[in-house]
>>> print(open('run.cif').read())   # mmCIF, C-alpha atoms
data_target
loop_
_atom_site.label_atom_id
_atom_site.label_comp_id
_atom_site.auth_asym_id
_atom_site.auth_seq_id
_atom_site.Cartn_x
_atom_site.Cartn_y
_atom_site.Cartn_z
CA MET Q 691 -7.65 32.18 15.43
CA ILE Q 692 -10.04 32.63 18.37
CA ARG Q 693 -9.05 31.45 21.84
CA PHE Q 694 -11.21 31.34 24.98
CA GLU Q 695 -9.33 31.06 28.27
CA GLN Q 696 -11.52 30.28 31.29
CA VAL Q 697 -14.17 32.73 30.10
CA GLY Q 698 -17.28 33.30 32.19
CA LYS Q 699 -20.28 35.60 32.05
CA VAL Q 700 -22.53 36.33 35.03
CA TYR Q 701 -25.34 38.86 34.58
CA PRO Q 702 -26.21 41.45 37.27
CA ASP Q 703 -29.18 39.37 38.45
CA GLY Q 704 -26.80 36.51 39.24
CA THR Q 705 -27.62 34.40 36.19
CA THR Q 706 -24.59 32.48 34.92
CA ALA Q 707 -24.68 32.47 31.12
CA VAL Q 708 -21.36 30.67 30.56
CA ASP Q 709 -18.81 29.29 32.97
CA GLY Q 710 -15.16 28.36 32.50
CA LEU Q 711 -15.10 28.25 28.70
CA SER Q 712 -11.72 27.20 27.30
CA PHE Q 713 -11.48 26.26 23.64
CA GLU Q 714 -9.81 27.38 20.43
CA VAL Q 715 -10.99 27.90 16.87
CA ALA Q 716 -8.05 27.42 14.50
CA GLU Q 717 -7.36 29.73 11.59
CA GLY Q 718 -9.62 28.81 8.67
CA GLU Q 719 -11.77 26.49 10.80
CA LEU Q 720 -15.57 26.56 11.04
CA VAL Q 721 -16.81 25.71 14.53
CA THR Q 722 -20.52 25.38 15.28
CA LEU Q 723 -21.93 26.12 18.73
CA VAL Q 724 -25.07 24.07 19.26
CA GLY Q 725 -27.46 23.60 22.13
CA PRO Q 726 -30.94 24.42 23.40
CA SER Q 727 -32.21 27.95 23.98
CA GLY Q 728 -30.57 29.65 26.94
CA CYS Q 729 -27.50 27.41 27.02
CA GLY Q 730 -25.01 30.26 26.44
CA LYS Q 731 -24.01 29.71 22.83
CA THR Q 732 -25.11 33.15 21.57
CA THR Q 733 -23.54 34.82 24.61
CA THR Q 734 -20.29 33.06 23.73
CA MET Q 735 -20.34 34.37 20.18
CA MET Q 736 -21.32 37.92 21.16
CA MET Q 737 -18.40 38.15 23.57
CA VAL Q 738 -16.02 37.78 20.62
CA ASN Q 739 -17.02 41.16 19.15
CA ARG Q 740 -17.73 42.62 22.60
CA LEU Q 741 -21.43 43.12 22.14
CA ILE Q 742 -21.41 41.33 25.50
CA GLU Q 743 -18.49 41.77 27.90
CA PRO Q 744 -17.16 38.71 29.76
CA THR Q 745 -17.09 38.72 33.55
CA SER Q 746 -13.92 36.65 33.78
CA GLY Q 747 -11.22 35.08 31.65
CA ARG Q 748 -9.67 36.19 28.37
CA ILE Q 749 -10.66 36.06 24.70
CA LEU Q 750 -7.91 36.36 22.10
CA VAL Q 751 -8.42 37.02 18.40
CA ASP Q 752 -5.31 36.43 16.29
CA GLY Q 753 -3.27 36.38 19.50
CA GLU Q 754 -4.55 39.75 20.76
CA ASP Q 755 -6.53 40.10 23.99
CA ILE Q 756 -9.68 41.85 22.81
CA ALA Q 757 -10.24 43.47 26.22
CA GLY Q 758 -7.64 46.07 25.23
CA THR Q 759 -9.06 46.67 21.75
CA ASP Q 760 -11.43 49.49 20.84
CA PRO Q 761 -14.83 47.75 20.43
CA VAL Q 762 -15.75 49.68 17.28
CA LYS Q 763 -12.44 48.92 15.56
CA LEU Q 764 -12.72 45.29 16.68
CA ARG Q 765 -16.18 44.90 15.15
CA ARG Q 766 -15.09 46.39 11.85
CA ARG Q 767 -12.53 43.61 11.41
CA ILE Q 768 -14.94 40.83 12.36
CA GLY Q 769 -17.69 39.84 9.94
CA TYR Q 770 -21.15 39.38 11.46
CA VAL Q 771 -24.11 37.53 9.90
CA ILE Q 772 -27.43 37.32 11.78
CA GLN Q 773 -30.68 35.47 11.21
CA GLN Q 774 -32.73 38.52 10.19
CA VAL Q 775 -29.83 39.80 8.03
CA GLY Q 776 -30.27 43.45 9.11
CA LEU Q 777 -29.90 45.09 5.71
CA PHE Q 778 -30.58 48.82 5.51
CA PRO Q 779 -33.95 49.09 3.72
CA HIS Q 780 -33.20 52.52 2.19
CA ARG Q 781 -29.89 51.45 0.63
CA THR Q 782 -29.30 49.41 -2.50
CA VAL Q 783 -27.84 45.92 -2.40
CA LEU Q 784 -24.50 47.25 -3.65
CA ASP Q 785 -24.37 50.01 -1.02
CA ASN Q 786 -25.43 47.59 1.73
CA THR Q 787 -22.59 45.27 0.76
CA ALA Q 788 -20.09 48.15 0.71
CA THR Q 789 -21.03 49.33 4.23
CA VAL Q 790 -18.01 48.12 6.20
CA PRO Q 791 -15.36 49.01 3.58
CA ALA Q 792 -16.82 52.54 3.57
CA LEU Q 793 -16.73 52.70 7.38
CA VAL Q 794 -13.07 51.70 7.54
CA GLY Q 795 -12.11 54.43 5.07
CA TRP Q 796 -12.07 52.82 1.65
CA LYS Q 797 -12.72 55.17 -1.24
CA ARG Q 798 -16.23 54.86 -2.65
CA ALA Q 799 -15.12 53.42 -6.00
CA ARG Q 800 -12.97 50.75 -4.35
CA ALA Q 801 -15.69 49.87 -1.83
CA ARG Q 802 -18.30 49.45 -4.56
CA GLU Q 803 -15.91 47.42 -6.72
CA ARG Q 804 -15.27 45.10 -3.76
CA ALA Q 805 -19.01 44.88 -3.11
CA ALA Q 806 -19.61 43.83 -6.71
CA GLU Q 807 -16.92 41.13 -6.40
CA LEU Q 808 -18.55 39.74 -3.25
CA LEU Q 809 -22.04 39.74 -4.74
CA ASP Q 810 -20.72 37.76 -7.67
CA LEU Q 811 -18.96 35.39 -5.25
CA VAL Q 812 -22.22 34.60 -3.43
CA GLY Q 813 -24.08 34.02 -6.69
CA LEU Q 814 -25.82 37.38 -7.21
CA ASP Q 815 -25.02 39.16 -10.47
CA PRO Q 816 -24.16 42.74 -9.42
CA ALA Q 817 -25.48 44.09 -12.72
CA THR Q 818 -28.86 42.53 -11.96
CA TYR Q 819 -29.11 42.84 -8.18
CA GLY Q 820 -26.76 45.70 -7.25
CA SER Q 821 -29.33 48.45 -7.81
CA ARG Q 822 -32.20 46.64 -6.08
CA TYR Q 823 -33.40 47.29 -2.54
CA PRO Q 824 -33.78 44.61 0.16
CA ALA Q 825 -37.57 44.57 -0.18
CA GLN Q 826 -37.15 43.48 -3.80
CA LEU Q 827 -35.22 40.33 -2.82
CA SER Q 828 -36.28 36.88 -1.67
CA GLY Q 829 -35.29 35.64 1.77
CA GLY Q 830 -32.47 33.55 0.33
CA GLN Q 831 -31.17 36.47 -1.72
CA ARG Q 832 -31.17 38.75 1.33
CA GLN Q 833 -29.21 36.13 3.24
CA ARG Q 834 -26.62 36.00 0.45
CA VAL Q 835 -26.28 39.79 0.62
CA GLY Q 836 -25.78 39.50 4.37
CA VAL Q 837 -22.90 37.06 3.85
CA ALA Q 838 -21.39 39.27 1.13
CA ARG Q 839 -21.57 42.32 3.41
CA ALA Q 840 -19.90 40.42 6.25
CA LEU Q 841 -17.01 39.43 3.96
CA ALA Q 842 -16.65 42.74 2.11
CA ALA Q 843 -13.77 44.17 4.16
CA ASP Q 844 -12.00 40.77 4.07
CA PRO Q 845 -12.19 40.10 7.84
CA PRO Q 846 -10.16 37.16 9.15
CA VAL Q 847 -12.99 36.19 11.53
CA LEU Q 848 -16.68 35.65 10.77
CA LEU Q 849 -19.45 35.31 13.36
CA MET Q 850 -22.75 33.76 12.26
CA ASP Q 851 -25.84 33.70 14.50
CA GLU Q 852 -28.51 31.30 13.16
CA PRO Q 853 -27.70 32.59 9.65
CA PHE Q 854 -30.05 30.25 7.78
CA GLY Q 855 -32.85 30.03 10.34
CA ALA Q 856 -35.24 32.45 8.64
CA VAL Q 857 -35.59 30.65 5.30
CA ASP Q 858 -37.50 27.53 4.27
CA PRO Q 859 -35.78 24.10 4.43
CA VAL Q 860 -35.12 23.84 0.68
CA VAL Q 861 -33.48 27.27 0.52
CA ARG Q 862 -31.64 26.58 3.77
CA GLU Q 863 -29.94 23.48 2.42
CA ARG Q 864 -28.95 25.29 -0.77
CA LEU Q 865 -27.51 28.23 1.22
CA GLN Q 866 -25.63 25.83 3.48
CA ASN Q 867 -24.03 24.13 0.48
CA GLU Q 868 -23.19 27.46 -1.13
CA PHE Q 869 -21.61 28.81 2.05
CA LEU Q 870 -19.52 25.68 2.59
CA SER Q 871 -18.35 25.86 -1.02
CA LEU Q 872 -17.46 29.52 -0.45
CA GLN Q 873 -15.67 28.69 2.81
CA GLN Q 874 -13.48 26.17 1.01
CA ARG Q 875 -12.24 29.08 -1.11
CA VAL Q 876 -11.97 31.95 1.39
CA ARG Q 877 -11.02 29.92 4.52
CA LYS Q 878 -12.26 32.33 7.17
CA THR Q 879 -12.17 31.54 10.88
CA VAL Q 880 -15.88 31.04 11.57
CA LEU Q 881 -17.88 30.74 14.78
CA MET Q 882 -21.47 29.79 14.00
CA VAL Q 883 -24.42 29.48 16.39
CA THR Q 884 -27.27 27.08 15.69
CA HIS Q 885 -29.90 25.21 17.70
CA ASP Q 886 -30.14 22.50 15.02
CA ILE Q 887 -27.84 19.51 15.52
CA GLU Q 888 -28.21 18.48 11.86
CA GLU Q 889 -27.03 21.93 10.75
CA ALA Q 890 -24.17 21.79 13.25
CA VAL Q 891 -23.09 18.40 11.91
CA ARG Q 892 -23.40 19.52 8.30
CA MET Q 893 -21.58 22.83 8.69
CA GLY Q 894 -18.91 22.40 11.35
CA ASP Q 895 -15.33 21.21 11.11
CA ARG Q 896 -15.82 20.80 14.84
CA ILE Q 897 -18.86 21.11 17.09
CA ALA Q 898 -19.19 22.54 20.60
CA VAL Q 899 -22.25 20.97 22.23
CA TYR Q 900 -23.54 23.25 24.99
CA GLY Q 901 -25.49 22.40 28.10
CA GLU Q 902 -26.39 25.12 30.62
CA GLY Q 903 -23.43 27.41 30.08
CA ARG Q 904 -20.77 24.74 29.65
CA ILE Q 905 -19.39 22.78 26.74
CA GLU Q 906 -20.30 19.13 27.14
CA GLN Q 907 -18.27 17.99 24.11
CA PHE Q 908 -15.99 19.72 21.62
CA ASP Q 909 -15.04 17.44 18.75
CA THR Q 910 -15.52 16.60 15.08
CA PRO Q 911 -19.06 15.89 13.83
CA ALA Q 912 -18.20 12.23 13.28
CA ALA Q 913 -16.85 11.89 16.82
CA VAL Q 914 -19.86 13.62 18.38
CA LEU Q 915 -22.20 11.32 16.46
CA GLY Q 916 -20.13 8.19 16.96
CA THR Q 917 -18.97 8.57 20.56
CA PRO Q 918 -21.04 11.08 22.57
CA ALA Q 919 -18.98 12.16 25.58
CA THR Q 920 -21.87 12.31 28.05
CA PRO Q 921 -25.44 11.05 28.37
CA TYR Q 922 -26.58 14.65 27.79
CA VAL Q 923 -24.79 14.77 24.41
CA ALA Q 924 -26.24 11.39 23.44
CA ARG Q 925 -29.75 12.65 24.21
CA PHE Q 926 -29.19 15.94 22.42
CA VAL Q 927 -27.75 14.30 19.31
CA GLY Q 928 -30.65 11.85 19.27
CA SER Q 929 -31.11 8.13 18.84
CA ASP Q 930 -30.92 8.51 15.04
CA ARG Q 931 -27.31 9.71 15.09
CA GLY Q 932 -26.39 6.88 12.71
CA LEU Q 933 -28.64 8.51 10.10
CA LYS Q 934 -27.12 11.92 10.82
CA ARG Q 935 -23.73 10.43 10.00
CA LEU Q 936 -24.93 10.15 6.39
CA SER Q 937 -24.59 13.95 6.17
CA VAL Q 938 -20.87 13.97 7.00
CA THR Q 939 -19.67 10.82 5.25
CA ALA Q 940 -18.47 11.46 1.71
CA ILE Q 941 -18.87 9.08 -1.23
CA GLU Q 942 -15.49 7.70 -2.26
CA PRO Q 943 -14.52 5.67 -5.36
CA GLU Q 944 -13.93 2.58 -3.19
CA ASP Q 945 -17.64 2.62 -2.29
CA LEU Q 946 -18.74 2.00 -5.88
CA GLU Q 947 -19.64 -1.04 -7.96
CA GLU Q 948 -18.84 -1.42 -11.66
CA PRO Q 949 -22.11 -2.17 -13.49
CA PRO Q 950 -22.52 -3.64 -16.99
CA VAL Q 951 -21.64 -1.09 -19.68
CA ALA Q 952 -22.94 -0.55 -23.21
CA ARG Q 953 -21.27 1.92 -25.55
CA LEU Q 954 -23.16 4.75 -27.20
CA GLU Q 955 -22.40 3.78 -30.83
CA GLU Q 956 -22.48 0.01 -30.25
CA PRO Q 957 -25.04 -1.97 -32.32
CA ALA Q 958 -27.99 -2.88 -30.14
CA GLY Q 959 -27.80 -6.57 -31.11
CA ASP Q 960 -24.13 -6.86 -30.14
CA ALA Q 961 -24.74 -5.19 -26.79
CA ALA Q 962 -27.78 -7.39 -26.14
CA ALA Q 963 -25.86 -10.60 -26.86
CA ARG Q 964 -23.06 -9.56 -24.52
CA LEU Q 965 -25.43 -8.59 -21.71
CA VAL Q 966 -27.49 -11.79 -22.04
CA ALA Q 967 -24.31 -13.87 -21.85
CA ALA Q 968 -23.34 -12.01 -18.68
CA GLY Q 969 -26.80 -12.42 -17.17
CA ALA Q 970 -27.24 -8.64 -17.01
CA ARG Q 971 -30.73 -7.10 -17.17
CA TRP Q 972 -29.50 -3.57 -17.85
CA ALA Q 973 -26.41 -1.51 -18.55
CA VAL Q 974 -25.23 2.07 -18.21
CA VAL Q 975 -24.61 3.81 -21.52
CA LEU Q 976 -21.24 5.53 -21.89
CA GLY Q 977 -19.66 7.65 -24.60
CA GLY Q 978 -16.14 7.37 -25.96
CA SER Q 979 -14.63 9.46 -23.15
CA GLY Q 980 -16.44 7.63 -20.38
CA GLU Q 981 -19.19 10.23 -20.09
CA LEU Q 982 -22.60 9.05 -18.93
CA HIS Q 983 -25.48 9.10 -21.43
CA GLY Q 984 -28.07 7.13 -19.46
CA TRP Q 985 -29.02 3.48 -19.13
CA VAL Q 986 -30.74 0.81 -21.20
CA ALA Q 987 -32.60 -2.44 -20.45
CA THR Q 988 -31.34 -5.65 -22.04
CA ASP Q 989 -34.86 -6.55 -23.23
CA VAL Q 990 -35.10 -3.22 -25.06
CA LEU Q 991 -31.83 -3.93 -26.86
CA ARG Q 992 -32.98 -7.43 -27.84
CA ALA Q 993 -36.25 -6.11 -29.28
CA ALA Q 994 -34.59 -3.35 -31.32
CA GLY Q 995 -34.14 -3.45 -35.07
CA GLU Q 996 -30.91 -4.51 -36.75
CA ARG Q 997 -29.77 -0.95 -37.44
CA ALA Q 998 -30.45 0.40 -33.96
CA THR Q 999 -27.57 1.56 -31.82
CA VAL Q 1000 -27.41 1.67 -28.04
CA GLY Q 1001 -27.49 5.47 -28.01
CA THR Q 1002 -30.88 5.63 -29.74
CA LEU Q 1003 -32.42 3.44 -27.05
CA ALA Q 1004 -30.82 4.94 -23.94
CA ARG Q 1005 -33.01 6.41 -21.19
CA ARG Q 1006 -32.04 9.39 -19.09
CA MET Q 1007 -30.31 8.70 -15.79
CA ASP Q 1008 -32.24 10.65 -13.14
CA ALA Q 1009 -30.58 9.25 -10.02
CA TRP Q 1010 -26.98 10.50 -9.87
CA VAL Q 1011 -24.63 12.33 -7.51
CA PRO Q 1012 -21.11 13.77 -7.77
CA VAL Q 1013 -18.22 11.93 -6.14
CA GLY Q 1014 -17.44 13.54 -2.79
CA ALA Q 1015 -21.10 14.26 -2.06
CA PRO Q 1016 -22.52 13.06 1.28
CA LEU Q 1017 -24.07 9.62 1.49
CA LYS Q 1018 -27.29 11.35 2.54
CA GLN Q 1019 -27.59 12.89 -0.92
CA ALA Q 1020 -27.21 9.49 -2.58
CA PHE Q 1021 -29.79 7.95 -0.25
CA SER Q 1022 -32.19 10.80 -1.02
CA GLU Q 1023 -31.75 10.25 -4.78
CA MET Q 1024 -32.54 6.55 -4.39
CA LEU Q 1025 -35.76 7.33 -2.53
CA GLN Q 1026 -36.82 10.20 -4.79
CA HIS Q 1027 -36.44 8.19 -7.99
CA ASP Q 1028 -37.38 4.79 -6.53
CA ALA Q 1029 -34.00 3.52 -7.73
CA GLY Q 1030 -31.96 0.56 -6.56
CA TRP Q 1031 -28.72 2.47 -7.16
CA VAL Q 1032 -27.36 5.89 -8.07
CA ALA Q 1033 -24.71 6.76 -10.64
CA VAL Q 1034 -21.65 8.57 -9.29
CA LEU Q 1035 -19.93 11.06 -11.56
CA ASP Q 1036 -16.71 13.03 -11.64
CA GLY Q 1037 -17.90 15.92 -13.76
CA ALA Q 1038 -19.50 14.14 -16.72
CA ARG Q 1039 -17.29 11.06 -16.35
CA PHE Q 1040 -18.97 7.96 -14.95
CA LEU Q 1041 -17.19 6.31 -12.00
CA GLY Q 1042 -19.61 3.59 -10.91
CA VAL Q 1043 -22.85 3.03 -9.03
CA LEU Q 1044 -23.63 3.19 -5.34
CA THR Q 1045 -26.10 0.55 -4.14
CA PRO Q 1046 -27.86 0.34 -0.75
CA ALA Q 1047 -25.49 -2.46 0.25
CA LYS Q 1048 -22.45 -0.38 -0.69
CA LEU Q 1049 -23.90 2.64 1.12
CA HIS Q 1050 -24.21 0.55 4.27
CA GLU Q 1051 -20.62 -0.67 3.87
CA ALA Q 1052 -19.41 2.93 3.46
CA LEU Q 1053 -21.20 3.97 6.63
CA ARG Q 1054 -19.78 0.98 8.49
CA ARG Q 1055 -16.24 1.84 7.35
CA SER Q 1056 -16.78 5.41 8.51
CA VAL Q 1057 -17.72 4.19 11.99
CA ASP Q 1058 -14.73 1.82 12.09
CA ALA Q 1059 -12.37 4.56 10.86
CA ASP Q 1060 -13.51 6.90 13.63
CA ALA Q 1061 -13.00 4.16 16.20
CA GLN Q 1062 -9.43 3.74 14.95
CA GLY Q 1063 -8.81 7.48 14.64
CA VAL Q 1064 -8.50 7.35 10.85
CA GLY Q 1065 -10.88 9.67 8.99
CA ARG Q 1066 -12.44 9.33 5.56
CA GLU Q 1067 -12.47 12.10 3.00
CA GLU Q 1068 -14.48 15.23 3.78
CA VAL Q 1069 -17.62 16.05 1.83
CA ASP Q 1070 -16.79 18.09 -1.28
CA PHE Q 1071 -19.34 20.91 -1.10
CA ASP Q 1072 -18.13 22.45 -4.36
CA SER Q 1073 -19.45 19.32 -6.06
CA VAL Q 1074 -22.63 19.31 -3.98
CA ALA Q 1075 -23.38 22.98 -4.72
CA ASP Q 1076 -22.85 22.41 -8.45
CA ALA Q 1077 -25.00 19.27 -8.63
#
>>> encode(input="run.cif", output="structure tokens")
Amino acid sequence: MIRFEQVGKVYPDGTTAVDGLSFEVAEGELVTLVGPSGCGKTTTMMMVNRLIEPTSGRILVDGEDIAGTDPVKLRRRIGYVIQQVGLFPHRTVLDNTATVPALVGWKRARARERAAELLDLVGLDPATYGSRYPAQLSGGQRQRVGVARALAADPPVLLMDEPFGAVDPVVRERLQNEFLSLQQRVRKTVLMVTHDIEEAVRMGDRIAVYGEGRIEQFDTPAAVLGTPATPYVARFVGSDRGLKRLSVTAIEPEDLEEPPVARLEEPAGDAAARLVAAGARWAVVLGGSGELHGWVATDVLRAAGERATVGTLARRMDAWVPVGAPLKQAFSEMLQHDAGWVAVLDGARFLGVLTPAKLHEALRRSVDADAQGVGREEVDFDSVADA
């Protein structure tokens, strides 16, 4: 837990970086600090590990006033991930990851074993990458090593300063998904700085929107998007905040339609007759356990020979998403594949299809639920990362 109590920072030249900050980050919560350059968000984060000392107020970490804590010892129990990663170029990936455990007195064998565990956890095979040097890694791989190093000594608190800002958009989204999936397992208390409202919305359990050294709004992503507290927040979030809500609204089973179904081993003629009678132009193709095998057009079934089965005529389903994924991912799949719907799966099992009309209904229910104080399910980033 991190608690700020009326914290302020005034620099010697009289510049006020932050003023009267009072907020709390609960244990296991990820809070994003977002705002324009110079608003005080990085100063706020750097006061937690005393790289910057506050002028007034108190900061408590796990109930302890950090003003009375040795700064070096404090920093060794707080993970720190920065934009440029800061790996030691002359040390291997394994030794970089083992840095903090070694500094706090772990034996070399134990530190390296822990480093290998963390590399595996962030998706880097230690047998493949452990002996490499930072210059031999891609930007995304270096960022993963930075996260592994920050977690190596199992700190309860993790500070992240623009951690994904130095990689391209495709890699950034993948790293975001991977970190959120990791966070669902390790449940660290995380304070993350970003200038990007979309990243703040995507990553944060709650968001602190900064404006000139003060927090203008501290709330859930859905609340910040749905009910901006001030005109400043509304301008900062942007006029397209309805679209941004797609990133934080999860697909639920109630959002889905049940399409026509044809079975894998079913004779093509039988399936065609049934679909024609129902007025259906196509059907999804399912196996005996409800697993998805693709889709088939009714006209294709009608034109097939007598011995043809549905499975031999099925086409691959390109547009699909896992249940629990954000609506934004489903919308993206529709656009990418020029599809009028996307299949929604639970593992391999088919649950239904999400259409544009159903997507709009889901978004509308999300808005109504926020207005009534009743939330929908959170996005399942384990599913998103695996998709």
>>> closest_residue(input="run.cif", among="Q:Ala987, Q:Ala842, Q:Leu723, Q:Ala707", to="Asp909 (chain Q)", atoms="only C-alpha atoms")
Q:Leu723
>>> resolve_selection(input="run.cif", expression="the PyMOL selection byres ((chain Q and resi 967-978) around 8)", output="JSON list (two decimals) with C-alpha atoms, in the coordinates of the input")
[["chain", "number", "residue", "atom", "x", "y", "z"],
["Q", 949, "PRO", "CA", -22.11, -2.17, -13.49],
["Q", 950, "PRO", "CA", -22.52, -3.64, -16.99],
["Q", 951, "VAL", "CA", -21.64, -1.09, -19.68],
["Q", 952, "ALA", "CA", -22.94, -0.55, -23.21],
["Q", 953, "ARG", "CA", -21.27, 1.92, -25.55],
["Q", 954, "LEU", "CA", -23.16, 4.75, -27.20],
["Q", 955, "GLU", "CA", -22.40, 3.78, -30.83],
["Q", 963, "ALA", "CA", -25.86, -10.60, -26.86],
["Q", 964, "ARG", "CA", -23.06, -9.56, -24.52],
["Q", 965, "LEU", "CA", -25.43, -8.59, -21.71],
["Q", 966, "VAL", "CA", -27.49, -11.79, -22.04],
["Q", 979, "SER", "CA", -14.63, 9.46, -23.15],
["Q", 980, "GLY", "CA", -16.44, 7.63, -20.38],
["Q", 981, "GLU", "CA", -19.19, 10.23, -20.09],
["Q", 982, "LEU", "CA", -22.60, 9.05, -18.93],
["Q", 983, "HIS", "CA", -25.48, 9.10, -21.43],
["Q", 984, "GLY", "CA", -28.07, 7.13, -19.46],
["Q", 985, "TRP", "CA", -29.02, 3.48, -19.13],
["Q", 986, "VAL", "CA", -30.74, 0.81, -21.20],
["Q", 987, "ALA", "CA", -32.60, -2.44, -20.45],
["Q", 988, "THR", "CA", -31.34, -5.65, -22.04],
["Q", 989, "ASP", "CA", -34.86, -6.55, -23.23],
["Q", 1000, "VAL", "CA", -27.41, 1.67, -28.04],
["Q", 1001, "GLY", "CA", -27.49, 5.47, -28.01],
["Q", 1004, "ALA", "CA", -30.82, 4.94, -23.94],
["Q", 1040, "PHE", "CA", -18.97, 7.96, -14.95]]
>>> residues_around(input="run.cif", residues="Glu902 (chain Q)", least_positions_apart="3", cutoff="8 Å", atoms="all atoms listed in the file", output="MDAnalysis selection string")
chainID Q and resid 707:708 728:730
>>> resolve_selection(input="run.cif", expression="the PyMOL selection byres ((chain Q and resi 806-818) around 7)", output="VMD selection string")
chain Q and resid 784 802 to 805 819 to 820 834 to 835 838 842
>>> resolve_selection(input="run.cif", expression="the PyMOL selection byres ((chain Q and resi 713) around 10)", output="list in words")
Ile692, Arg693, Phe694, Glu695, Gln696, Val697, Gly710, Leu711, Ser712, Glu714, Val715, Ala716, Ile749, Ala898, Ile905 and Phe908 of chain Q
>>> residues_around(input="run.cif", residues="region 891-896 of chain Q", least_positions_apart="3", cutoff="9 Å", atoms="all atoms listed in the file", output="MDAnalysis selection string")
chainID Q and resid 715 719:723 866:867 869:870 882 886:888 908:912 914:915 934:935 937:938
>>> residues_around(input="run.cif", residues="Val990 (chain Q)", least_positions_apart="5", cutoff="9 Å", atoms="all atoms listed in the file", output="list in words")
Ala958, Ala962 and Leu1003 of chain Q
>>> atom_distance(input="run.cif", atom1="CA of Asp703 (chain Q)", atom2="CA of Gly901 (chain Q)")
20.2 Å
>>> residues_near_point(input="run.cif", point="(-22.2, 40.2, 10.8)", cutoff="10 Å", atoms="all atoms listed in the file", output="ChimeraX atom specification")
/Q:739,765-766,768-773,775-776,836-841,848-851,853
>>> residues_near_point(input="run.cif", point="(-21.3, 4.3, 19.6)", cutoff="10 Å", atoms="all atoms listed in the file", output="PyMOL selection string")
chain Q and resi 913-918+924+931-932+1057+1061
>>> closest_residue(input="run.cif", among="Q:Gly830, Q:Pro824, Q:Gly698, Q:Gly704", to="Arg748 (chain Q)", atoms="all atoms listed in the file")
Q:Gly698
>>> closest_residue(input="run.cif", among="Q:Ala1038, Q:Arg767, Q:Val724, Q:Ser871", to="Val738 (chain Q)", atoms="only C-alpha atoms")
Q:Arg767
>>> closest_residue(input="run.cif", among="Q:Pro1016, Q:Gly747, Q:Pro957, Q:Pro845", to="Leu991 (chain Q)", atoms="all atoms listed in the file")
Q:Pro957
>>> closest_residue(input="run.cif", among="Q:Met1007, Q:Val1034, Q:Leu881, Q:Leu827", to="Val783 (chain Q)", atoms="all atoms listed in the file")
Q:Leu827
